[in-house]
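Raw structure-v2.cif, mmCIF, C-alpha atoms and all ligand atoms:
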```
data_protein
#
loop_
_atom_site.group_PDB
_atom_site.id
_atom_site.type_symbol
_atom_site.label_atom_id
_atom_site.label_comp_id
_atom_site.auth_asym_id
_atom_site.auth_seq_id
_atom_site.Cartn_x
_atom_site.Cartn_y
_atom_site.Cartn_z
ATOM 1 C CA MET I 17 0.000 0.000 0.000
ATOM 2 C CA SER I 18 1.338 3.451 -0.865
ATOM 3 C CA ALA I 19 2.038 5.979 1.863
ATOM 4 C CA GLU I 20 -0.877 8.086 0.641
ATOM 5 C CA ALA I 21 -3.313 5.151 0.646
ATOM 6 C CA SER I 22 -2.209 4.283 4.148
ATOM 7 C CA LEU I 23 -2.756 7.872 5.331
ATOM 8 C CA ARG I 24 -6.221 7.914 3.748
ATOM 9 C CA ASP I 25 -7.062 4.795 5.742
ATOM 10 C CA ASP I 26 -5.637 6.339 8.908
ATOM 11 C CA ILE I 27 -7.787 9.471 8.535
ATOM 12 C CA VAL I 28 -10.860 7.263 8.121
ATOM 13 C CA GLU I 29 -9.900 5.388 11.302
ATOM 14 C CA VAL I 30 -9.270 8.584 13.298
ATOM 15 C CA GLY I 31 -12.619 9.980 12.124
ATOM 16 C CA ARG I 32 -14.353 6.789 13.215
ATOM 17 C CA ARG I 33 -12.743 6.974 16.658
ATOM 18 C CA MET I 34 -13.613 10.654 17.099
ATOM 19 C CA TYR I 35 -17.244 10.002 16.225
ATOM 20 C CA ALA I 36 -17.437 6.865 18.371
ATOM 21 C CA ARG I 37 -16.024 8.767 21.349
ATOM 22 C CA ARG I 38 -18.487 11.608 20.721
ATOM 23 C CA TYR I 39 -15.775 14.161 20.035
ATOM 24 C CA THR I 40 -17.853 15.203 17.042
ATOM 25 C CA ALA I 41 -21.546 15.224 16.201
ATOM 26 C CA SER I 42 -23.072 15.288 12.755
ATOM 27 C CA ASN I 43 -20.490 16.738 10.314
ATOM 28 C CA ASP I 44 -18.312 18.445 12.942
ATOM 29 C CA GLY I 45 -14.552 18.230 13.087
ATOM 30 C CA ASN I 46 -11.779 17.896 10.546
ATOM 31 C CA VAL I 47 -8.452 16.146 10.116
ATOM 32 C CA SER I 48 -5.451 16.754 7.882
ATOM 33 C CA VAL I 49 -1.983 15.338 7.368
ATOM 34 C CA ARG I 50 1.057 16.376 5.321
ATOM 35 C CA LEU I 51 1.610 14.356 2.179
ATOM 36 C CA GLY I 52 5.082 15.751 1.627
ATOM 37 C CA ALA I 53 6.226 18.072 -1.159
ATOM 38 C CA GLY I 54 3.884 20.883 -0.143
ATOM 39 C CA ARG I 55 0.701 18.845 -0.249
ATOM 40 C CA LEU I 56 -1.941 18.073 2.371
ATOM 41 C CA LEU I 57 -4.496 15.296 2.642
ATOM 42 C CA MET I 58 -7.650 16.623 4.292
ATOM 43 C CA THR I 59 -11.147 15.554 5.265
ATOM 44 C CA PRO I 60 -13.836 16.992 2.975
ATOM 45 C CA LYS I 61 -16.485 19.541 3.827
ATOM 46 C CA GLY I 62 -19.857 18.361 5.085
ATOM 47 C CA VAL I 63 -19.365 14.693 5.892
ATOM 48 C CA CYS I 64 -19.816 12.834 9.170
ATOM 49 C CA LYS I 65 -16.369 11.805 10.434
ATOM 50 C CA GLY I 66 -17.747 8.488 11.586
ATOM 51 C CA PHE I 67 -18.692 7.328 8.090
ATOM 52 C CA MET I 68 -15.888 8.453 5.792
ATOM 53 C CA THR I 69 -14.241 6.362 3.087
ATOM 54 C CA PRO I 70 -10.638 6.778 1.863
ATOM 55 C CA ASP I 71 -11.707 8.115 -1.544
ATOM 56 C CA MET I 72 -13.524 11.089 0.055
ATOM 57 C CA MET I 73 -10.314 12.888 1.057
ATOM 58 C CA CYS I 74 -9.061 16.032 -0.695
ATOM 59 C CA VAL I 75 -5.507 16.810 -1.657
ATOM 60 C CA THR I 76 -4.600 20.511 -1.453
ATOM 61 C CA ASP I 77 -1.450 22.565 -1.621
ATOM 62 C CA LEU I 78 -0.255 24.665 1.325
ATOM 63 C CA GLU I 79 -2.248 27.637 0.020
ATOM 64 C CA GLY I 80 -5.450 25.610 0.149
ATOM 65 C CA ARG I 81 -5.878 25.095 -3.591
ATOM 66 C CA LYS I 82 -7.539 21.774 -4.312
ATOM 67 C CA LEU I 83 -5.312 19.494 -6.349
ATOM 68 C CA GLN I 84 -7.329 16.319 -6.211
ATOM 69 C CA GLY I 85 -10.661 14.987 -4.953
ATOM 70 C CA ASP I 86 -14.337 15.059 -5.868
ATOM 71 C CA ARG I 87 -15.297 17.012 -2.775
ATOM 72 C CA ASP I 88 -14.245 20.380 -1.411
ATOM 73 C CA PRO I 89 -11.804 20.491 1.502
ATOM 74 C CA SER I 90 -12.853 21.115 5.093
ATOM 75 C CA SER I 91 -14.523 24.401 5.956
ATOM 76 C CA GLU I 92 -11.792 24.868 8.601
ATOM 77 C CA MET I 93 -9.008 24.494 6.055
ATOM 78 C CA LEU I 94 -7.660 27.995 6.803
ATOM 79 C CA MET I 95 -6.972 27.000 10.411
ATOM 80 C CA HIS I 96 -5.123 23.863 9.281
ATOM 81 C CA LEU I 97 -3.047 25.840 6.755
ATOM 82 C CA GLU I 98 -2.052 28.308 9.460
ATOM 83 C CA VAL I 99 -0.832 25.502 11.731
ATOM 84 C CA TYR I 100 1.333 24.020 8.960
ATOM 85 C CA ARG I 101 2.732 27.466 8.169
ATOM 86 C CA GLN I 102 3.655 28.146 11.801
ATOM 87 C CA ARG I 103 4.858 24.642 12.679
ATOM 88 C CA PRO I 104 7.131 22.976 10.105
ATOM 89 C CA ASP I 105 7.667 20.179 12.659
ATOM 90 C CA ILE I 106 4.000 19.213 12.623
ATOM 91 C CA GLN I 107 2.683 16.497 10.311
ATOM 92 C CA ALA I 108 -0.990 16.317 11.300
ATOM 93 C CA VAL I 109 -3.831 18.466 12.657
ATOM 94 C CA VAL I 110 -7.014 17.293 14.380
ATOM 95 C CA HIS I 111 -10.007 19.490 15.221
ATOM 96 C CA ALA I 112 -13.077 18.293 17.131
ATOM 97 C CA HIS I 113 -15.724 19.404 19.619
ATOM 98 C CA PRO I 114 -15.194 17.004 22.550
ATOM 99 C CA PRO I 115 -17.953 17.955 24.995
ATOM 100 C CA VAL I 116 -16.084 18.332 28.287
ATOM 101 C CA ALA I 117 -13.111 20.211 26.840
ATOM 102 C CA THR I 118 -15.501 22.322 24.779
ATOM 103 C CA GLY I 119 -17.441 23.034 27.987
ATOM 104 C CA PHE I 120 -14.234 24.529 29.413
ATOM 105 C CA ALA I 121 -13.830 26.484 26.171
ATOM 106 C CA VAL I 122 -17.374 27.828 26.535
ATOM 107 C CA ALA I 123 -16.816 28.699 30.189
ATOM 108 C CA GLY I 124 -13.571 30.474 29.287
ATOM 109 C CA ILE I 125 -11.523 28.256 31.604
ATOM 110 C CA PRO I 126 -8.126 27.196 30.216
ATOM 111 C CA LEU I 127 -6.714 23.803 31.188
ATOM 112 C CA ASP I 128 -3.517 25.276 32.536
ATOM 113 C CA ARG I 129 -3.340 24.084 36.121
ATOM 114 C CA ALA I 130 -0.569 21.784 37.244
ATOM 115 C CA VAL I 131 -2.625 18.793 38.296
ATOM 116 C CA LEU I 132 -1.576 15.766 36.226
ATOM 117 C CA ALA I 133 2.042 14.719 35.759
ATOM 118 C CA GLU I 134 1.488 13.023 32.414
ATOM 119 C CA VAL I 135 -0.232 16.093 30.964
ATOM 120 C CA LEU I 136 2.573 18.362 32.189
ATOM 121 C CA THR I 137 5.200 16.168 30.542
ATOM 122 C CA THR I 138 3.347 15.843 27.254
ATOM 123 C CA LEU I 139 1.048 18.776 26.414
ATOM 124 C CA GLY I 140 2.166 21.187 29.138
ATOM 125 C CA SER I 141 -0.709 23.643 29.293
ATOM 126 C CA ILE I 142 -3.842 23.920 27.153
ATOM 127 C CA PRO I 143 -4.757 27.590 26.609
ATOM 128 C CA ILE I 144 -7.884 29.040 24.987
ATOM 129 C CA ALA I 145 -7.627 30.783 21.644
ATOM 130 C CA ALA I 146 -9.989 33.762 21.485
ATOM 131 C CA TYR I 147 -13.396 33.342 19.937
ATOM 132 C CA ALA I 148 -13.470 33.624 16.178
ATOM 133 C CA THR I 149 -16.152 32.933 13.622
ATOM 134 C CA PRO I 150 -15.633 29.345 12.435
ATOM 135 C CA SER I 151 -14.375 28.915 8.872
ATOM 136 C CA THR I 152 -13.284 32.581 8.579
ATOM 137 C CA ALA I 153 -9.777 34.031 8.578
ATOM 138 C CA GLU I 154 -10.394 35.115 12.184
ATOM 139 C CA LEU I 155 -9.882 31.581 13.424
ATOM 140 C CA PRO I 156 -6.332 31.102 12.103
ATOM 141 C CA ALA I 157 -5.489 34.517 13.559
ATOM 142 C CA ALA I 158 -6.715 33.414 16.995
ATOM 143 C CA VAL I 159 -4.832 30.120 16.772
ATOM 144 C CA ARG I 160 -1.604 31.828 15.681
ATOM 145 C CA LYS I 161 -1.080 33.338 19.131
ATOM 146 C CA TYR I 162 -0.611 29.940 20.778
ATOM 147 C CA ILE I 163 0.302 27.399 18.135
ATOM 148 C CA LYS I 164 4.059 27.973 18.180
ATOM 149 C CA ALA I 165 4.323 26.907 21.818
ATOM 150 C CA HIS I 166 1.396 24.503 22.237
ATOM 151 C CA ASP I 167 0.381 21.162 20.740
ATOM 152 C CA GLY I 168 -3.157 21.448 22.055
ATOM 153 C CA MET I 169 -5.542 24.322 22.664
ATOM 154 C CA LEU I 170 -9.193 25.062 23.259
ATOM 155 C CA LEU I 171 -11.061 27.310 20.826
ATOM 156 C CA ALA I 172 -13.372 29.653 22.740
ATOM 157 C CA ASN I 173 -17.059 28.735 22.348
ATOM 158 C CA HIS I 174 -16.146 26.213 19.687
ATOM 159 C CA GLY I 175 -13.976 23.152 20.370
ATOM 160 C CA ALA I 176 -10.385 21.958 20.544
ATOM 161 C CA LEU I 177 -7.353 21.682 18.271
ATOM 162 C CA THR I 178 -4.395 19.307 18.566
ATOM 163 C CA VAL I 179 -1.314 18.764 16.408
ATOM 164 C CA GLY I 180 1.328 16.060 16.204
ATOM 165 C CA ARG I 181 4.353 14.661 14.450
ATOM 166 C CA ASP I 182 2.094 12.045 12.957
ATOM 167 C CA LEU I 183 -1.640 11.607 12.631
ATOM 168 C CA PHE I 184 -2.178 9.301 15.580
ATOM 169 C CA SER I 185 -0.028 11.470 17.830
ATOM 170 C CA ALA I 186 -2.279 14.441 17.006
ATOM 171 C CA TYR I 187 -5.382 12.312 17.606
ATOM 172 C CA TYR I 188 -4.108 10.934 20.936
ATOM 173 C CA LYS I 189 -3.482 14.479 22.113
ATOM 174 C CA MET I 190 -7.173 15.158 21.482
ATOM 175 C CA GLU I 191 -7.935 12.175 23.715
ATOM 176 C CA THR I 192 -5.597 13.577 26.367
ATOM 177 C CA VAL I 193 -7.244 17.006 26.214
ATOM 178 C CA GLU I 194 -10.712 15.530 26.710
ATOM 179 C CA HIS I 195 -9.519 13.131 29.422
ATOM 180 C CA PHE I 196 -7.755 15.952 31.269
ATOM 181 C CA ALA I 197 -10.838 18.150 30.973
ATOM 182 C CA THR I 198 -13.009 15.374 32.397
ATOM 183 C CA ILE I 199 -10.687 14.791 35.354
ATOM 184 C CA SER I 200 -10.446 18.532 36.002
ATOM 185 C CA LEU I 201 -14.223 18.814 35.933
ATOM 186 C CA VAL I 202 -14.639 15.966 38.428
ATOM 187 C CA ALA I 203 -12.037 17.459 40.789
ATOM 188 C CA ARG I 204 -13.763 20.819 40.649
ATOM 189 C CA LEU I 205 -17.172 19.230 41.237
ATOM 190 C CA LEU I 206 -15.667 17.508 44.257
ATOM 191 C CA GLY I 207 -14.640 20.932 45.466
ATOM 192 C CA ARG I 208 -10.900 20.564 45.632
ATOM 193 C CA GLU I 209 -8.030 20.672 43.184
ATOM 194 C CA ASN I 210 -4.612 19.978 44.642
ATOM 195 C CA LEU I 211 -1.952 21.562 42.485
ATOM 196 C CA ILE I 212 1.494 20.153 41.857
ATOM 197 C CA ALA I 213 4.173 22.483 43.211
ATOM 198 C CA ARG I 214 6.171 24.557 40.782
ATOM 199 C CA GLU I 215 9.415 22.841 41.733
ATOM 200 C CA GLU I 216 7.878 19.484 40.824
ATOM 201 C CA VAL I 217 6.541 20.904 37.550
ATOM 202 C CA LEU I 218 10.085 21.896 36.598
ATOM 203 C CA ARG I 219 11.334 18.407 37.482
ATOM 204 C CA LEU I 220 8.624 16.904 35.275
ATOM 205 C CA GLN I 221 9.704 19.212 32.481
ATOM 206 C CA GLU I 222 13.238 17.838 32.746
ATOM 207 C CA LEU I 223 11.801 14.356 32.307
ATOM 208 C CA ARG I 224 10.518 15.353 28.875
ATOM 209 C CA GLY I 225 14.058 15.068 27.581
ATOM 210 C CA THR I 226 14.714 11.830 29.426
ATOM 211 C CA TYR I 227 11.683 10.219 27.835
ATOM 212 C CA GLY I 228 12.271 11.673 24.389
ATOM 213 C CA ILE I 229 9.191 13.891 24.429
ATOM 214 C CA THR I 230 9.524 16.793 22.037
ATOM 215 C CA ALA I 231 7.591 19.701 23.473
ATOM 216 C CA PRO I 232 7.175 22.785 21.296
ATOM 217 C CA ALA I 233 8.178 25.124 24.139
ATOM 218 C CA PRO I 234 9.258 25.117 27.777
ATOM 219 C CA ILE I 235 6.970 25.891 30.670
ATOM 220 C CA CYS I 236 7.069 29.634 31.435
ATOM 221 C CA ALA I 237 9.784 30.415 33.942
ATOM 222 C CA ASP I 238 7.745 32.623 36.175
ATOM 223 C CA PRO I 239 4.391 31.045 36.976
ATOM 224 C CA VAL I 240 2.006 32.624 39.434
ATOM 225 C CA ASP I 241 2.605 31.915 43.071
ATOM 226 C CA MET I 242 -0.898 30.876 43.991
ATOM 227 C CA SER I 243 -0.066 30.017 47.575
ATOM 228 C CA ALA I 244 -1.027 33.541 48.515
ATOM 229 C CA SER I 245 -4.225 33.606 46.532
ATOM 230 C CA GLY I 246 -6.166 31.200 48.702
ATOM 231 C CA ASP I 247 -7.158 29.375 45.580
ATOM 232 C CA ALA I 248 -6.086 25.772 45.836
ATOM 233 C CA SER I 249 -4.025 23.350 47.826
ATOM 234 C CA ILE I 250 -0.508 22.595 46.756
ATOM 235 C CA VAL I 251 0.611 19.049 46.317
ATOM 236 C CA GLY I 252 4.059 18.483 47.679
ATOM 237 C CA ALA I 253 4.074 21.526 49.890
ATOM 238 C CA SER I 254 2.388 21.577 53.238
ATOM 239 C CA ALA I 255 3.835 24.864 54.343
ATOM 240 C CA GLY I 256 1.891 27.856 53.201
ATOM 241 C CA ALA I 257 -0.622 25.816 51.247
ATOM 242 C CA SER I 258 -4.205 26.773 51.530
ATOM 243 C CA SER I 259 -7.131 24.687 50.502
ATOM 244 C CA VAL I 260 -10.134 25.545 48.491
ATOM 245 C CA GLY I 261 -13.628 24.598 49.471
ATOM 246 C CA ALA I 262 -16.485 23.913 47.139
ATOM 247 C CA SER I 263 -17.776 27.428 47.538
ATOM 248 C CA GLY I 264 -14.494 29.250 47.109
ATOM 249 C CA ASP I 265 -13.457 27.600 43.901
ATOM 250 C CA GLY I 266 -15.526 29.058 41.112
ATOM 251 C CA SER I 267 -14.495 32.654 41.149
ATOM 252 C CA ILE I 268 -10.826 31.997 40.600
ATOM 253 C CA VAL I 269 -10.901 28.884 38.472
ATOM 254 C CA GLY I 270 -10.523 30.644 35.173
ATOM 255 C CA ALA I 271 -7.874 33.048 36.283
ATOM 256 C CA SER I 272 -4.882 33.138 34.057
ATOM 257 C CA ALA I 273 -4.323 36.637 35.300
ATOM 258 C CA GLY I 274 -1.132 37.106 37.172
ATOM 259 C CA ALA I 275 1.198 35.737 34.566
ATOM 260 C CA SER I 276 4.250 37.899 34.458
ATOM 261 C CA ALA I 277 4.830 40.236 31.568
ATOM 262 C CA GLY I 278 7.579 37.949 30.302
ATOM 263 C CA ASP I 279 5.209 35.037 29.780
ATOM 264 C CA ASP I 280 4.641 35.069 26.051
ATOM 265 C CA PRO I 281 2.245 32.361 24.836
ATOM 266 C CA ALA I 282 4.244 32.202 21.623
ATOM 267 C CA THR I 283 7.427 31.150 23.398
ATOM 268 C CA CYS I 284 6.441 29.310 26.571
ATOM 269 C CA GLN I 285 3.601 27.406 28.199
ATOM 270 C CA PHE I 286 1.907 29.104 31.109
ATOM 271 C CA VAL I 287 1.145 26.645 33.902
ATOM 272 C CA GLN I 288 -0.521 27.577 37.171
ATOM 273 C CA ALA I 289 1.818 25.988 39.688
ATOM 274 C CA PRO I 290 2.305 27.474 43.129
ATOM 275 C CA SER I 291 5.685 27.669 44.722
ATOM 276 C CA GLY I 292 5.988 24.806 47.147
ATOM 277 C CA GLY I 293 8.803 26.301 49.149
ATOM 278 C CA GLY I 294 11.268 23.821 47.741
ATOM 279 C CA GLN I 295 9.353 20.756 48.878
ATOM 280 C CA ARG I 296 8.715 18.011 46.402
ATOM 281 C CA LEU I 297 5.886 15.718 45.504
ATOM 282 C CA VAL I 298 8.140 12.708 45.635
ATOM 283 C CA PRO I 299 10.356 12.170 48.673
ATOM 284 C CA ASP I 300 14.074 11.784 48.067
ATOM 285 C CA SER I 301 14.196 8.327 49.588
ATOM 286 C CA PRO I 302 11.742 5.687 50.740
ATOM 287 C CA ASP I 303 12.803 6.567 54.286
ATOM 288 C CA ALA I 304 11.737 10.172 53.927
ATOM 289 C CA PRO I 305 9.307 11.103 56.693
ATOM 290 C CA ARG I 306 5.659 10.786 55.828
ATOM 291 C CA ALA I 307 3.037 13.338 56.748
ATOM 292 C CA SER I 308 2.614 13.257 60.489
ATOM 293 C CA ALA I 309 -0.434 11.518 61.856
ATOM 294 C CA GLY I 310 -1.773 14.723 63.285
ATOM 295 C CA GLN I 311 -1.460 16.634 60.055
ATOM 296 C CA ASP I 312 -4.666 17.980 58.644
ATOM 297 C CA ARG I 313 -5.795 15.844 55.730
ATOM 298 C CA ASP I 314 -6.272 18.968 53.639
ATOM 299 C CA ASP I 315 -2.567 19.628 53.854
ATOM 300 C CA ALA I 316 -1.372 16.065 53.344
ATOM 301 C CA GLU I 317 0.935 15.326 50.453
ATOM 302 C CA ILE I 318 0.099 12.965 47.650
ATOM 303 C CA ARG I 319 3.068 10.631 47.348
ATOM 304 C CA LEU I 320 4.117 8.655 44.314
ATOM 305 C CA THR I 321 7.157 6.440 44.029
ATOM 306 C CA TYR I 322 9.484 7.102 41.135
ATOM 307 C CA ARG I 323 8.329 3.798 39.675
ATOM 308 C CA GLN I 324 4.698 4.923 39.765
ATOM 309 C CA LEU I 325 5.600 8.291 38.275
ATOM 310 C CA SER I 326 7.716 6.688 35.535
ATOM 311 C CA ALA I 327 4.881 4.281 34.741
ATOM 312 C CA LEU I 328 2.480 7.205 34.382
ATOM 313 C CA ILE I 329 4.821 9.016 32.054
ATOM 314 C CA GLU I 330 5.685 5.934 30.005
ATOM 315 C CA ASP I 331 1.993 5.268 29.616
ATOM 316 C CA ALA I 332 1.453 8.787 28.333
ATOM 317 C CA ILE I 333 4.322 8.469 25.868
ATOM 318 C CA ARG I 334 2.990 5.163 24.550
ATOM 319 C CA SER I 335 -0.339 6.765 23.889
ATOM 320 C CA LEU I 336 1.325 9.599 21.994
ATOM 321 C CA ARG I 337 3.228 7.282 19.657
HETATM 322 ZN ZN ZN K 401 -15.338 23.130 14.664
#
```

Representation of the structure as structure tokens:
Amino acid sequence: MSAEASLRDDIVEVGRRMYARRYTASNDGNVSVRLGAGRLLMTPKGVCKGFMTPDMMCVTDLEGRKLQGDRDPSSEMLMHLEVYRQRPDIQAVVHAHPPVATGFAVAGIPLDRAVLAEVLTTLGSIPIAAYATPSTAELPAAVRKYIKAHDGMLLANHGALTVGRDLFSAYYKMETVEHFATISLVARLLGRENLIAREEVLRLQELRGTYGITAPAPICADPVDMSASGDASIVGASAGASSVGASGDGSIVGASAGASAGDDPATCQFVQAPSGGGQRLVPDSPDAPRASAGQDRDDAEIRLTYRQLSALIEDAIRSLR
């Protein structure tokens, strides 16, 4: 089978998975992949992604001119073209409307809190591109702000966008975005979101290299110190941590405010991670003292062994490949 035939089959399969997982309804969503030599293979306009066939795909050039195919290319083609222009390293683009992540996009709440190690090592943060009318040139303009430094983003009042070095990598990132959004939603419904301390976030970032993860940009060097904001508990730092009750959560949840002036979304990933005063999520040795029996449960650390942490990260990497 030729490389192009194989990619056509892969797009069909990704479309089927997106529809089966309810990331798209009706004719929503679109997928594209580089064919090499300045050509793209793209889903057509106006078809349900769950019922595509390989012959439906369009071939376009990088300006969006149709080179081959009976149907017209996706109505969101301009957004795809912008991603390929800004990211020569990227081979594939996936756009869908997964309901939980899109709920965050509607609420204006970015997925940028340091809560899951595997998300921090892979996607980093997931910002929200400003609202733009779908299918117009406004959408690529909104995406441009974040795409250089992020492999996944929410689109305000619309959906989500992920990119990857191959088609399945881009698709798996969409799964990660929706999974992360679901976990974040549950934690917030439960009334508490323990954040991973900034020091631990930086350690996780170092692991990217160790595990061969290619992130488009580093985590911003100067994240907000939320320990003073009364917003959320800090994992890995008992001292100075405050906890958030069910009632105190909502007003601050969406706050990206407070990022320093040097935090440019085009060059780094903003992650809300409070300073933990140098304490770490993982103790240095198995003999490290555990939280004392009398310690308030709200302030207790979550402890993972290195083996557990490595397993989490390896799992995430497998799913990205
Ligand atoms: Zn859409």

(message) Once the PyMOL selection byres (((chain I and resi 34-45) around 8) and not hetatm) has been evaluated on this model, what residues remain selected, and can you format them as a ChimeraX atom specification?
(response) /I:30-33,46-47,62-66,110-115

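Using all atoms listed in the file, the nearest neighbour of ligand ZN 401 (chain K) within the list I:Glu92, I:Asp105, I:Glu79, I:Asp71 is I:Glu92.
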
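For the pair CA of Ile142 (chain I) and CA of Ala158 (chain I), the separation is 14.2 Å.
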
(message) When you count all atoms listed in the file, which of these residues is closest to ligand ZN 401 (chain K): I:Leu328, I:Leu171, I:Val49, I:Leu136?
(response) I:Leu171

(message) Could you tell me how far CA of Cys236 (chain I) sits from CA of Gly140 (chain I), in Å to one decimal place?
(response) 10.0 Å

What are the closest atom pairs, with distances in Å to one decimal, for all residues of region 192-224 of chain I lying within 12 Å of region 122-128 of chain I? Consider all atoms listed in the file, order rows by chain and residue number, and present the result as CSV.
```
residue,atom,partner,partner_atom,distance
I:Thr192,CA,I:Leu127,CA,11.4
I:Val193,CA,I:Leu127,CA,8.4
I:Glu194,CA,I:Leu127,CA,10.2
I:His195,CA,I:Leu127,CA,11.2
I:Phe196,CA,I:Leu127,CA,7.9
I:Ala197,CA,I:Leu127,CA,7.0
I:Thr198,CA,I:Leu127,CA,10.6
I:Ile199,CA,I:Leu127,CA,10.7
I:Ser200,CA,I:Leu127,CA,8.1
I:Leu201,CA,I:Leu127,CA,10.2
I:Arg204,CA,I:Ile125,CA,11.9
I:Leu211,CA,I:Asp128,CA,10.7
I:Ile212,CA,I:Asp128,CA,11.8
```

Store the residues picked out above in a file with C-alpha atoms, as an mmCIF file, in the frame of the given file.
```cif
data_model
loop_
_atom_site.group_PDB
_atom_site.id
_atom_site.type_symbol
_atom_site.label_atom_id
_atom_site.label_comp_id
_atom_site.auth_asym_id
_atom_site.auth_seq_id
_atom_site.Cartn_x
_atom_site.Cartn_y
_atom_site.Cartn_z
ATOM 1 C CA THR I 192 -5.597 13.577 26.367
ATOM 2 C CA VAL I 193 -7.244 17.006 26.214
ATOM 3 C CA GLU I 194 -10.712 15.530 26.710
ATOM 4 C CA HIS I 195 -9.519 13.131 29.422
ATOM 5 C CA PHE I 196 -7.755 15.952 31.269
ATOM 6 C CA ALA I 197 -10.838 18.150 30.973
ATOM 7 C CA THR I 198 -13.009 15.374 32.397
ATOM 8 C CA ILE I 199 -10.687 14.791 35.354
ATOM 9 C CA SER I 200 -10.446 18.532 36.002
ATOM 10 C CA LEU I 201 -14.223 18.814 35.933
ATOM 11 C CA ARG I 204 -13.763 20.819 40.649
ATOM 12 C CA LEU I 211 -1.952 21.562 42.485
ATOM 13 C CA ILE I 212 1.494 20.153 41.857
#
```

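With distances taken over all atoms listed in the file, I:Leu94 is the one residue among I:Leu205, I:Leu94, I:Ala213, I:Val109 lying closest to Leu155 (chain I).
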
(message) Please list, as a ChimeraX atom specification, the residues that have an atom at most 9 Å away from (-16.8, 15.0, -3.2) in the coordinates of this file, counting only C-alpha atoms.
(response) /I:60-61,71-74,85-89

What's around Lys161 (chain I) at 8 Å? Count all atoms listed in the file, leave out sequence neighbours fewer than 6 positions away in its own chain, and write the answer as a short mmCIF file (atom, residue, chain, number, x, y, z; two decimals) with C-alpha atoms, keeping the file's coordinate frame.
```cif
data_model
loop_
_atom_site.label_atom_id
_atom_site.label_comp_id
_atom_site.auth_asym_id
_atom_site.auth_seq_id
_atom_site.Cartn_x
_atom_site.Cartn_y
_atom_site.Cartn_z
CA ALA I 145 -7.63 30.78 21.64
CA PRO I 281 2.24 32.36 24.84
CA ALA I 282 4.24 32.20 21.62
#
```

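Among the candidates I:Cys284, I:Leu51, I:Ala186, I:Ala233, the residue lying nearest to Ala108 (chain I) is I:Ala186 (atoms considered: only C-alpha atoms).
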
(message) Considering all atoms listed in the file, can you say which of I:Thr226, I:Ser335, I:Gln285, I:Ser151 comes closest to ligand ZN 401 (chain K)?
(response) I:Ser151

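Comparing the minimum interatomic distances between ligand ZN 401 (chain K) and each of I:Ser291, I:Asn173, I:Ser22, I:Gln84, counting all atoms listed in the file, we find that I:Asn173 sits nearest.
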
All residues 7 Å or closer to Ala121 (chain I), only C-alpha atoms, same chain fewer than 6 positions away omitted, as an mmCIF file with C-alpha atoms, keeping the file's coordinate frame:
```
data_model
loop_
_atom_site.group_PDB
_atom_site.id
_atom_site.type_symbol
_atom_site.label_atom_id
_atom_site.label_comp_id
_atom_site.auth_asym_id
_atom_site.auth_seq_id
_atom_site.Cartn_x
_atom_site.Cartn_y
_atom_site.Cartn_z
ATOM 1 C CA ILE I 144 -7.884 29.040 24.987
ATOM 2 C CA LEU I 170 -9.193 25.062 23.259
ATOM 3 C CA LEU I 171 -11.061 27.310 20.826
ATOM 4 C CA ALA I 172 -13.372 29.653 22.740
ATOM 5 C CA ASN I 173 -17.059 28.735 22.348
ATOM 6 C CA HIS I 174 -16.146 26.213 19.687
ATOM 7 C CA GLY I 175 -13.976 23.152 20.370
#
```

(request) Mind giving me the straight-line distance from CA of Gly225 (chain I) to CA of Leu139 (chain I) in Å, one decimal? (result) 13.6 Å

(request) Anything within 10 Å of (-6.4, 28.6, 9.4): list those residues as number ranges by chain, counting all atoms listed in the file and sticking to the file's coordinates. (result) I: 80, 91-101, 150-160

(request) Run the PyMOL selection byres (((chain I and resi 214) around 6) and not hetatm) mentally over the shown coordinates, then write out the matched residues as a ChimeraX atom specification, using the chain letters and numbers from the document. (result) /I:213,215-217,289-291

Generate a file for region 46-53 of chain I, containing N, CA and C atoms, as a PDB file, in the first residue's frame.
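Writing the result to out-v1.pdb gives the following:
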```
ATOM      1  N   ASN I  46     -12.553  18.103  11.774  1.00  0.00           N
ATOM      2  CA  ASN I  46     -11.779  17.896  10.546  1.00  0.00           C
ATOM      3  C   ASN I  46     -10.372  17.442  10.888  1.00  0.00           C
ATOM      4  N   VAL I  47      -9.758  16.786   9.916  1.00  0.00           N
ATOM      5  CA  VAL I  47      -8.452  16.146  10.116  1.00  0.00           C
ATOM      6  C   VAL I  47      -7.626  16.389   8.863  1.00  0.00           C
ATOM      7  N   SER I  48      -6.328  16.658   9.051  1.00  0.00           N
ATOM      8  CA  SER I  48      -5.451  16.754   7.882  1.00  0.00           C
ATOM      9  C   SER I  48      -4.076  16.208   8.229  1.00  0.00           C
ATOM     10  N   VAL I  49      -3.335  15.873   7.179  1.00  0.00           N
ATOM     11  CA  VAL I  49      -1.983  15.338   7.368  1.00  0.00           C
ATOM     12  C   VAL I  49      -1.123  15.784   6.175  1.00  0.00           C
ATOM     13  N   ARG I  50       0.161  16.002   6.429  1.00  0.00           N
ATOM     14  CA  ARG I  50       1.057  16.376   5.321  1.00  0.00           C
ATOM     15  C   ARG I  50       1.313  15.167   4.433  1.00  0.00           C
ATOM     16  N   LEU I  51       1.291  15.424   3.134  1.00  0.00           N
ATOM     17  CA  LEU I  51       1.610  14.356   2.179  1.00  0.00           C
ATOM     18  C   LEU I  51       3.039  14.481   1.674  1.00  0.00           C
ATOM     19  N   GLY I  52       3.727  15.504   2.134  1.00  0.00           N
ATOM     20  CA  GLY I  52       5.082  15.751   1.627  1.00  0.00           C
ATOM     21  C   GLY I  52       5.008  16.609   0.383  1.00  0.00           C
ATOM     22  N   ALA I  53       6.118  17.248   0.046  1.00  0.00           N
ATOM     23  CA  ALA I  53       6.226  18.072  -1.159  1.00  0.00           C
ATOM     24  C   ALA I  53       5.106  19.110  -1.252  1.00  0.00           C
TER      25      ALA I  53
END
```
